[in-house]
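Asker: Contents of query_34.tsv (TSV, C-alpha atoms) are given next:
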chain	number	residue	atom	x	y	z
A	1	MET	CA	0.00	0.00	0.00
A	2	LEU	CA	1.28	3.43	-0.95
A	3	PRO	CA	0.81	6.07	1.77
A	4	PRO	CA	-1.15	9.18	0.75
A	5	PHE	CA	0.83	11.45	-1.53
A	6	LEU	CA	1.72	14.92	-0.30
A	7	LYS	CA	0.08	18.22	-1.10
A	8	LEU	CA	1.49	21.72	-0.87
A	9	ASN	CA	1.93	22.88	2.74
A	10	ASP	CA	1.86	19.33	4.11
A	11	GLN	CA	4.16	18.73	7.07
A	12	ILE	CA	7.35	16.70	6.79
A	13	ARG	CA	9.24	15.83	9.98
A	14	ILE	CA	13.03	15.44	10.13
A	15	ILE	CA	14.21	12.96	12.76
A	16	SER	CA	17.55	11.32	13.58
A	17	PRO	CA	16.90	7.73	14.71
A	18	SER	CA	20.47	6.54	14.05
A	19	GLY	CA	23.76	8.45	13.98
A	20	ALA	CA	24.44	12.01	15.10
A	21	ILE	CA	24.38	14.59	12.32
A	22	ASP	CA	25.92	18.00	11.73
A	23	PRO	CA	23.02	20.42	12.47
A	24	ASP	CA	23.95	22.43	9.38
A	25	TYR	CA	22.64	19.58	7.23
A	26	ILE	CA	19.27	19.77	8.97
A	27	GLU	CA	19.19	23.54	8.43
A	28	ASP	CA	20.01	23.25	4.75
A	29	ALA	CA	17.65	20.29	4.16
A	30	THR	CA	14.88	22.36	5.74
A	31	THR	CA	15.49	25.04	3.12
A	32	VAL	CA	15.30	22.52	0.27
A	33	LEU	CA	12.12	20.90	1.55
A	34	SER	CA	10.54	24.30	2.15
A	35	ASP	CA	11.29	25.19	-1.45
A	36	TRP	CA	9.28	22.09	-2.43
A	37	GLY	CA	6.29	23.70	-0.73
A	38	LEU	CA	6.38	21.63	2.46
A	39	GLN	CA	6.11	22.69	6.08
A	40	VAL	CA	9.22	21.34	7.80
A	41	THR	CA	9.36	20.40	11.47
A	42	GLU	CA	11.99	18.39	13.32
A	43	GLY	CA	12.08	15.98	16.20
A	44	LYS	CA	13.01	17.37	19.60
A	45	TYR	CA	16.27	15.42	19.56
A	46	ALA	CA	17.05	15.53	15.83
A	47	ARG	CA	20.23	17.52	16.56
A	48	ALA	CA	21.20	15.66	19.72
A	49	GLU	CA	24.52	13.86	20.15
A	50	TYR	CA	25.24	10.96	22.48
A	51	GLY	CA	28.50	9.37	21.41
A	52	ARG	CA	28.00	8.18	17.85
A	53	PHE	CA	24.23	8.37	18.24
A	54	ALA	CA	21.72	11.17	17.75
A	55	GLY	CA	20.64	11.09	21.37
A	56	THR	CA	20.11	8.38	23.94
A	57	THR	CA	17.95	5.37	23.11
A	58	ALA	CA	15.05	6.96	25.02
A	59	GLU	CA	15.40	10.21	23.05
A	60	ARG	CA	15.54	8.48	19.69
A	61	ILE	CA	12.56	6.28	20.59
A	62	SER	CA	10.62	9.38	21.60
A	63	ASP	CA	11.27	11.24	18.34
A	64	LEU	CA	10.51	8.26	16.11
A	65	GLN	CA	7.36	7.33	18.02
A	66	GLN	CA	6.03	10.88	17.99
A	67	ALA	CA	6.68	11.25	14.27
A	68	LEU	CA	4.88	7.98	13.55
A	69	ASP	CA	1.89	8.89	15.76
A	70	ASP	CA	1.39	12.56	14.84
A	71	LYS	CA	-1.46	12.66	12.29
A	72	SER	CA	-0.40	16.13	11.12
A	73	VAL	CA	2.93	14.71	9.90
A	74	LYS	CA	2.52	13.38	6.36
A	75	ALA	CA	6.12	12.27	5.73
A	76	ILE	CA	9.21	11.48	7.79
A	77	LEU	CA	12.73	12.21	6.55
A	78	CYS	CA	15.49	10.44	8.45
A	79	SER	CA	18.40	12.89	8.62
A	80	ARG	CA	21.08	10.20	8.15
A	81	GLY	CA	21.89	6.54	8.60
A	82	GLY	CA	24.97	5.31	10.43
A	83	TYR	CA	24.02	2.94	13.21
A	84	GLY	CA	21.43	2.86	15.95
A	85	ILE	CA	17.96	1.76	14.88
A	86	SER	CA	18.58	-1.86	15.85
A	87	GLN	CA	18.78	-0.65	19.46
A	88	ILE	CA	15.27	0.79	19.39
A	89	ILE	CA	13.20	-0.87	16.67
A	90	ASP	CA	11.62	-3.46	18.97
A	91	LYS	CA	10.55	-0.67	21.35
A	92	ILE	CA	8.43	1.14	18.73
A	93	ASP	CA	4.64	0.79	18.53
A	94	PHE	CA	3.50	0.81	14.90
A	95	SER	CA	-0.22	0.29	15.59
A	96	HIS	CA	-1.20	3.93	14.96
A	97	PHE	CA	1.13	4.19	11.96
A	98	LYS	CA	-0.51	1.12	10.43
A	99	LYS	CA	-3.91	2.83	10.59
A	100	TYR	CA	-2.58	6.18	9.35
A	101	PRO	CA	0.46	5.44	7.16
A	102	LYS	CA	2.82	8.14	5.94
A	103	TRP	CA	5.93	8.24	3.76
A	104	LEU	CA	9.24	7.36	5.40
A	105	ILE	CA	12.47	8.29	3.60
A	106	GLY	CA	16.08	7.21	4.07
A	107	PHE	CA	18.61	4.47	3.34
A	108	SER	CA	21.56	2.63	4.91
A	109	ASP	CA	20.66	1.94	8.57
A	110	ILE	CA	17.12	3.05	7.71
A	111	THR	CA	16.80	-0.33	5.96
A	112	ILE	CA	15.51	-1.62	9.31
A	113	LEU	CA	12.56	0.76	9.12
A	114	HIS	CA	11.98	-0.18	5.47
A	115	ASN	CA	11.80	-3.86	6.45
A	116	THR	CA	9.30	-3.03	9.16
A	117	ASN	CA	7.17	-1.04	6.72
A	118	THR	CA	7.32	-3.81	4.12
A	119	ASN	CA	6.16	-6.36	6.68
A	120	LEU	CA	3.28	-4.05	7.59
A	121	GLY	CA	2.31	-3.78	3.93
A	122	ILE	CA	3.23	-0.07	3.74
A	123	SER	CA	5.58	1.30	1.08
A	124	SER	CA	8.53	3.56	1.93
A	125	ILE	CA	11.24	5.37	0.00
A	126	HIS	CA	14.85	4.25	-0.17
A	127	GLY	CA	16.28	7.67	-0.97
A	128	ILE	CA	18.58	10.53	-0.11
A	129	MET	CA	18.62	12.15	3.33
A	130	ALA	CA	19.63	15.54	4.74
A	131	LYS	CA	23.31	15.52	3.71
A	132	HIS	CA	22.69	14.73	0.06
A	133	LEU	CA	19.67	17.01	-0.13
A	134	THR	CA	22.00	19.87	0.75
A	135	GLU	CA	25.12	18.86	-1.19
A	136	ILE	CA	23.82	17.76	-4.59
A	137	PRO	CA	22.31	20.26	-7.04
A	138	THR	CA	18.62	20.94	-6.56
A	139	ASP	CA	17.97	19.75	-10.12
A	140	ALA	CA	19.84	16.45	-9.61
A	141	ASP	CA	17.78	13.38	-10.49
A	142	ALA	CA	18.03	11.94	-6.97
A	143	SER	CA	16.40	15.07	-5.53
A	144	VAL	CA	13.93	15.77	-8.34
A	145	GLN	CA	12.66	12.19	-8.43
A	146	LEU	CA	12.22	12.11	-4.66
A	147	CYS	CA	10.09	15.24	-4.82
A	148	LYS	CA	8.04	13.82	-7.68
A	149	ILE	CA	7.34	10.58	-5.84
A	150	LEU	CA	6.22	12.39	-2.70
A	151	PHE	CA	3.76	14.44	-4.74
A	152	GLY	CA	2.41	11.43	-6.64
A	153	GLU	CA	4.45	11.03	-9.83
A	154	LEU	CA	5.82	7.49	-9.94
A	155	PRO	CA	9.05	6.85	-11.86
A	156	ILE	CA	10.08	4.67	-14.74
A	157	TYR	CA	13.84	4.17	-14.62
A	158	SER	CA	15.90	3.02	-17.58
A	159	VAL	CA	19.61	2.31	-17.11
A	160	THR	CA	22.29	1.19	-19.53
A	161	SER	CA	22.90	-2.51	-19.83
A	162	HIS	CA	25.70	-4.10	-17.79
A	163	ALA	CA	27.86	-7.07	-18.77
A	164	GLN	CA	26.64	-9.10	-15.79
A	165	ASN	CA	22.94	-8.50	-16.43
A	166	LYS	CA	20.56	-11.42	-16.96
A	167	ILE	CA	17.85	-10.82	-19.54
A	168	GLY	CA	14.20	-11.32	-18.69
A	169	LYS	CA	10.99	-9.84	-17.31
A	170	ALA	CA	9.59	-10.06	-13.80
A	171	THR	CA	6.94	-8.56	-11.59
A	172	GLY	CA	6.98	-8.53	-7.82
A	173	LYS	CA	7.22	-6.51	-4.66
A	174	LEU	CA	10.45	-4.51	-4.47
A	175	ILE	CA	12.17	-5.14	-1.14
A	176	GLY	CA	15.62	-4.78	0.38
A	177	GLY	CA	18.20	-2.08	0.98
A	178	ASN	CA	21.61	-2.25	2.60
A	179	LEU	CA	22.92	-5.82	2.40
A	180	SER	CA	24.77	-5.80	5.74
A	181	VAL	CA	21.70	-4.47	7.54
A	182	LEU	CA	19.45	-7.01	5.83
A	183	MET	CA	21.75	-9.81	6.96
A	184	SER	CA	21.70	-8.53	10.55
A	185	LEU	CA	17.92	-9.03	10.54
A	186	ARG	CA	17.92	-12.60	9.21
A	187	GLY	CA	15.93	-14.94	11.42
A	188	SER	CA	14.34	-12.10	13.38
A	189	GLN	CA	10.84	-10.66	13.37
A	190	PHE	CA	12.19	-7.92	11.09
A	191	ASP	CA	13.36	-10.31	8.37
A	192	LEU	CA	11.55	-10.22	5.04
A	193	SER	CA	9.48	-12.66	3.03
A	194	TYR	CA	11.48	-13.12	-0.16
A	195	LYS	CA	9.13	-15.37	-2.10
A	196	ASN	CA	8.39	-13.94	-5.57
A	197	ALA	CA	9.93	-10.60	-4.56
A	198	ILE	CA	12.37	-8.42	-6.48
A	199	LEU	CA	15.33	-7.86	-4.16
A	200	PHE	CA	17.43	-4.69	-4.21
A	201	ILE	CA	20.84	-4.70	-2.49
A	202	GLU	CA	23.68	-2.20	-1.99
A	203	ASP	CA	26.50	-1.73	0.51
A	204	ILE	CA	29.48	0.37	1.53
A	205	ALA	CA	33.00	-0.23	2.86
A	206	GLU	CA	32.71	-4.02	3.04
A	207	LYS	CA	35.52	-6.39	2.07
A	208	PRO	CA	34.72	-8.53	-0.98
A	209	TYR	CA	34.89	-11.74	1.05
A	210	HIS	CA	32.38	-10.25	3.52
A	211	ILE	CA	30.07	-9.59	0.58
A	212	ASP	CA	30.64	-13.13	-0.68
A	213	ARG	CA	29.84	-14.57	2.77
A	214	MET	CA	26.52	-12.71	2.87
A	215	ILE	CA	25.60	-13.64	-0.70
A	216	GLN	CA	26.41	-17.31	-0.06
A	217	ASN	CA	24.11	-17.21	2.97
A	218	LEU	CA	21.30	-15.96	0.75
A	219	ARG	CA	22.10	-18.73	-1.71
A	220	PHE	CA	22.27	-21.74	0.57
A	221	SER	CA	19.40	-20.56	2.76
A	222	GLY	CA	17.17	-20.58	-0.32
A	223	VAL	CA	16.51	-16.85	-0.49
A	224	LEU	CA	18.02	-16.36	-3.95
A	225	ALA	CA	15.98	-19.27	-5.31
A	226	GLU	CA	12.73	-17.68	-4.10
A	227	LEU	CA	13.15	-14.34	-5.87
A	228	SER	CA	11.45	-13.23	-9.07
A	229	GLY	CA	14.20	-10.71	-9.82
A	230	LEU	CA	17.30	-8.99	-8.45
A	231	VAL	CA	18.48	-5.38	-8.65
A	232	VAL	CA	22.12	-4.84	-7.66
A	233	GLY	CA	22.94	-1.27	-6.68
A	234	GLN	CA	26.21	0.41	-5.82
A	235	PHE	CA	28.88	-1.22	-3.63
A	236	SER	CA	30.82	1.88	-2.64
A	237	ASP	CA	34.30	2.05	-1.10
A	238	CYS	CA	34.61	-1.73	-1.15
A	239	GLU	CA	38.32	-2.36	-1.58
A	240	GLU	CA	39.55	-4.54	-4.41
A	241	ASP	CA	40.79	-8.01	-3.43
A	242	SER	CA	42.62	-9.77	-6.25
A	243	SER	CA	42.93	-12.91	-4.11
A	244	MET	CA	39.15	-13.42	-4.45
A	245	LYS	CA	39.65	-13.83	-8.22
A	246	GLN	CA	36.29	-12.12	-8.77
A	247	THR	CA	34.84	-8.66	-8.54
A	248	ILE	CA	31.89	-8.09	-6.23
A	249	TYR	CA	29.50	-8.04	-9.18
A	250	GLU	CA	31.02	-11.31	-10.44
A	251	ILE	CA	30.55	-12.86	-6.98
A	252	ILE	CA	26.86	-11.95	-7.08
A	253	SER	CA	26.47	-12.99	-10.72
A	254	ASN	CA	27.95	-16.43	-10.08
A	255	ALA	CA	25.66	-16.95	-7.09
A	256	VAL	CA	22.52	-16.39	-9.19
A	257	GLN	CA	23.60	-17.95	-12.48
A	258	GLU	CA	21.39	-21.05	-12.04
A	259	TYR	CA	18.19	-19.04	-11.61
A	260	LYS	CA	15.99	-17.95	-14.50
A	261	TYR	CA	14.92	-14.52	-13.29
A	262	PRO	CA	16.26	-11.18	-14.61
A	263	VAL	CA	19.10	-9.42	-12.84
A	264	CYS	CA	20.01	-5.75	-13.18
A	265	PHE	CA	23.54	-4.75	-12.16
A	266	ASN	CA	24.93	-1.28	-11.50
A	267	PHE	CA	21.61	0.36	-10.70
A	268	PRO	CA	22.30	3.93	-9.47
A	269	ALA	CA	21.18	3.62	-5.85
A	270	GLY	CA	23.23	3.30	-2.69
A	271	HIS	CA	25.91	5.30	-0.90
A	272	VAL	CA	26.53	7.57	-3.88
A	273	ASP	CA	25.42	11.05	-4.94
A	274	TYR	CA	23.46	9.64	-7.86
A	275	ASN	CA	21.11	7.72	-5.59
A	276	LEU	CA	17.77	7.33	-7.33
A	277	PRO	CA	14.82	6.86	-4.97
A	278	LEU	CA	13.17	3.44	-4.91
A	279	ILE	CA	9.70	2.71	-3.56
A	280	LEU	CA	10.21	-0.34	-1.38
A	281	GLY	CA	7.13	-2.45	-0.75
A	282	ALA	CA	5.65	-1.43	-4.12
A	283	ASN	CA	4.81	-3.90	-6.87
A	284	ILE	CA	7.03	-3.18	-9.88
A	285	LYS	CA	8.03	-4.53	-13.27
A	286	LEU	CA	11.67	-5.34	-13.98
A	287	GLU	CA	12.56	-5.67	-17.66
A	288	VAL	CA	16.16	-6.43	-18.64
A	289	THR	CA	17.17	-6.51	-22.33
A	290	ASN	CA	20.47	-6.50	-24.16
A	291	GLU	CA	20.30	-2.71	-24.35
A	292	SER	CA	18.92	-1.60	-20.98
A	293	ALA	CA	17.20	-2.44	-17.72
A	294	GLN	CA	13.91	-0.83	-16.71
A	295	LEU	CA	12.23	-0.52	-13.34
A	296	ILE	CA	8.60	0.45	-13.82
A	297	PHE	CA	6.63	1.57	-10.76
Go ahead and express the file in the form of structure tokens.

Answerer:
Amino acid sequence: MLPPFLKLNDQIRIISPSGAIDPDYIEDATTVLSDWGLQVTEGKYARAEYGRFAGTTAERISDLQQALDDKSVKAILCSRGGYGISQIIDKIDFSHFKKYPKWLIGFSDITILHNTNTNLGISSIHGIMAKHLTEIPTDADASVQLCKILFGELPIYSVTSHAQNKIGKATGKLIGGNLSVLMSLRGSQFDLSYKNAILFIEDIAEKPYHIDRMIQNLRFSGVLAELSGLVVGQFSDCEEDSSMKQTIYEIISNAVQEYKYPVCFNFPAGHVDYNLPLILGANIKLEVTNESAQLIF
């Protein structure tokens, strides 16, 4: 289910449920969102700092819970990822949010919230947060497409073909996010149902053999066999390891070679400036040809 789309003067709330953030990014993101015609508010502790975290666990729980429960808030922008939501996610009550859903935006550690939304049957946006909103040009695709989605214009993405792509067509619910975070949720109440889904994965600063270990888990646990399609995003700042004898994309390609579904490599989403927003929990079409790969929402 897609939450209600936004209208001019709707309220968007900035919160920091994970890592501490430079307050300047919140200030500048507020300007950008205001220029979109939105009323911007922020959580009481959005600018807090407690070690690496944006406030204590109690403070972060309070801000997230209030944002979820406040009916006047129509969308929630997480200021950044980092680490921290795993400490609080099981303390959050989603009962009111389930009755009155709203858009939730973010990526990286915010994958935990995306999983929760997906399991509730509510779509959310894997997209840029405060830092990128302020640092990339206002007319950059990552920003423009995010604004369009919030106001009801769903995207059709077409990207250039990649050598590792697997040709085919698929439909299914788009799920996923940061691979390391997804793996940390395996076997828990926040794990996903992968059957007939189109899985999106990305990661940052992981060694290639760490990536291989996680991909092999998805293979021998049966997850990869259950999918209807796979979208492989950006694996940023992952050091080369010639001793693996494969690139990260080759590791993933080899793991899925026996399956018949389409696979799109090098999709522009992840820990990069060109981070196109994806509507997780939405049913999409994935079409991969020799020339291109399309994601149709």

Asker: Can you write out as a tab-separated table which residues of region 57-169 of chain A fall within 10 Å of region 269-280 of chain A, alongside each residue's closest atom pair and its distance in Å to one decimal, counting only C-alpha atoms and ordering rows by chain and ascending residue number?

Answerer:
residue	atom	partner	partner_atom	distance
A:Trp103	CA	A:Ile279	CA	9.9
A:Ile105	CA	A:Pro277	CA	9.0
A:Gly106	CA	A:Pro277	CA	9.1
A:Phe107	CA	A:Gly270	CA	7.7
A:Ser108	CA	A:His271	CA	7.7
A:Thr111	CA	A:Leu280	CA	9.9
A:His114	CA	A:Leu280	CA	7.1
A:Asn115	CA	A:Leu280	CA	8.7
A:Asn117	CA	A:Leu280	CA	8.7
A:Thr118	CA	A:Leu280	CA	7.1
A:Ile122	CA	A:Leu280	CA	8.7
A:Ser123	CA	A:Leu280	CA	5.5
A:Ser124	CA	A:Leu280	CA	5.4
A:Ile125	CA	A:Ile279	CA	4.7
A:His126	CA	A:Leu278	CA	5.1
A:Gly127	CA	A:Pro277	CA	4.3
A:Ile128	CA	A:Asn275	CA	6.7
A:Lys131	CA	A:Asp273	CA	10.0
A:His132	CA	A:Asp273	CA	6.8
A:Leu133	CA	A:Asp273	CA	9.6
A:Glu135	CA	A:Asp273	CA	8.7
A:Ile136	CA	A:Asp273	CA	6.9
A:Pro137	CA	A:Asp273	CA	9.9
A:Ala140	CA	A:Tyr274	CA	7.9
A:Asp141	CA	A:Leu276	CA	6.8
A:Ala142	CA	A:Leu276	CA	4.6
A:Ser143	CA	A:Leu276	CA	8.1
A:Val144	CA	A:Leu276	CA	9.3
A:Gln145	CA	A:Pro277	CA	6.7
A:Leu146	CA	A:Pro277	CA	5.9
A:Cys147	CA	A:Pro277	CA	9.6
A:Ile149	CA	A:Pro277	CA	8.4
A:Leu154	CA	A:Ile279	CA	8.9
A:Pro155	CA	A:Leu278	CA	8.8
A:Tyr157	CA	A:Leu276	CA	8.9

Asker: Tell me, as a count of residues only, which residues lie within 12 Å of Gln246 (chain A), counting all atoms listed in the file; anything in the same chain fewer than 4 positions away does not count.

Answerer: 13

Asker: So that I can see what lies close to Pro23 (chain A), please list as number ranges by chain the residues with an atom at most 10 Å from it, counting all atoms listed in the file and leaving out residues fewer than 5 positions away in the same chain.

Answerer: A: 28-29, 46-48, 79, 130

Asker: For a test of reading the model, state the distance in Å between CA of Phe200 (chain A) and CA of Gly177 (chain A), rounded to one decimal.

Answerer: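 CA of Gly177 (chain A) lies 5.9 Å from CA of Phe200 (chain A).
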
Asker: Smallest atom-to-atom distance to Asp109 (chain A): which of A:Thr30, A:Ser228, A:Ser243, A:Gln87, using only C-alpha atoms?

Answerer: A:Gln87

Asker: Would you mind telling me which residue in A:Ile88, A:Leu33, A:Leu199, A:Met214 lies nearest to Ser18 (chain A) when using all atoms listed in the file?

Answerer: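 The answer is A:Ile88, which sits nearest to Ser18 (chain A).
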
Asker: For each of A:Ser221, A:Leu8, A:Leu192, A:Gln66, take the minimum atom-to-atom distance to Gly121 (chain A), counting all atoms listed in the file, then give the residue where this is smallest.

Answerer: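 That would be A:Leu192, the residue with the smallest distance to Gly121 (chain A).
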
Asker: Kindly give the distance, in Å, that separates CA of His162 (chain A) and CA of Thr138 (chain A), rounded to a single decimal.

Answerer: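 Atom-to-atom, CA of His162 (chain A) and CA of Thr138 (chain A) are spaced 28.3 Å apart.
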
Asker: From the list A:Ile92, A:Val288, A:Ala67, A:Val232, which residue is nearest Thr160 (chain A) when using all atoms listed in the file?

Answerer: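 Nearest candidate to Thr160 (chain A) out of A:Ile92, A:Val288, A:Ala67, A:Val232: A:Val288.
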
Asker: Of the candidates A:Glu258, A:Glu153, A:Glu287, A:Glu206, which one gets nearest to Gly168 (chain A) if we count all atoms listed in the file?

Answerer: A:Glu287

Asker: Pick from A:Ser180, A:Gln189, A:Asn9, A:Gln39: nearest to Ile89 (chain A), with all atoms listed in the file counted?

Answerer: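 Of the candidates, the smallest distance to Ile89 (chain A) is held by A:Gln189.
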
Asker: Residues at most 8 Å from Ile112 (chain A), counting only C-alpha atoms, excluding those fewer than 4 positions away in the same chain, as a PDB file with C-alpha atoms, keeping the file's coordinate frame?

Answerer:
ATOM      1  CA  ILE A  85      17.960   1.760  14.880  1.00  0.00           C
ATOM      2  CA  SER A  86      18.580  -1.860  15.850  1.00  0.00           C
ATOM      3  CA  ILE A  89      13.200  -0.870  16.670  1.00  0.00           C
ATOM      4  CA  THR A 116       9.300  -3.030   9.160  1.00  0.00           C
ATOM      5  CA  VAL A 181      21.700  -4.470   7.540  1.00  0.00           C
ATOM      6  CA  LEU A 182      19.450  -7.010   5.830  1.00  0.00           C
ATOM      7  CA  LEU A 185      17.920  -9.030  10.540  1.00  0.00           C
ATOM      8  CA  PHE A 190      12.190  -7.920  11.090  1.00  0.00           C
TER       9      PHE A 190
END

Asker: Record the distance separating CA of Ile198 (chain A) and CA of Val231 (chain A), expressed in Å with one decimal.

Answerer: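 Calculated distance between CA of Ile198 (chain A) and CA of Val231 (chain A) is 7.2 Å.
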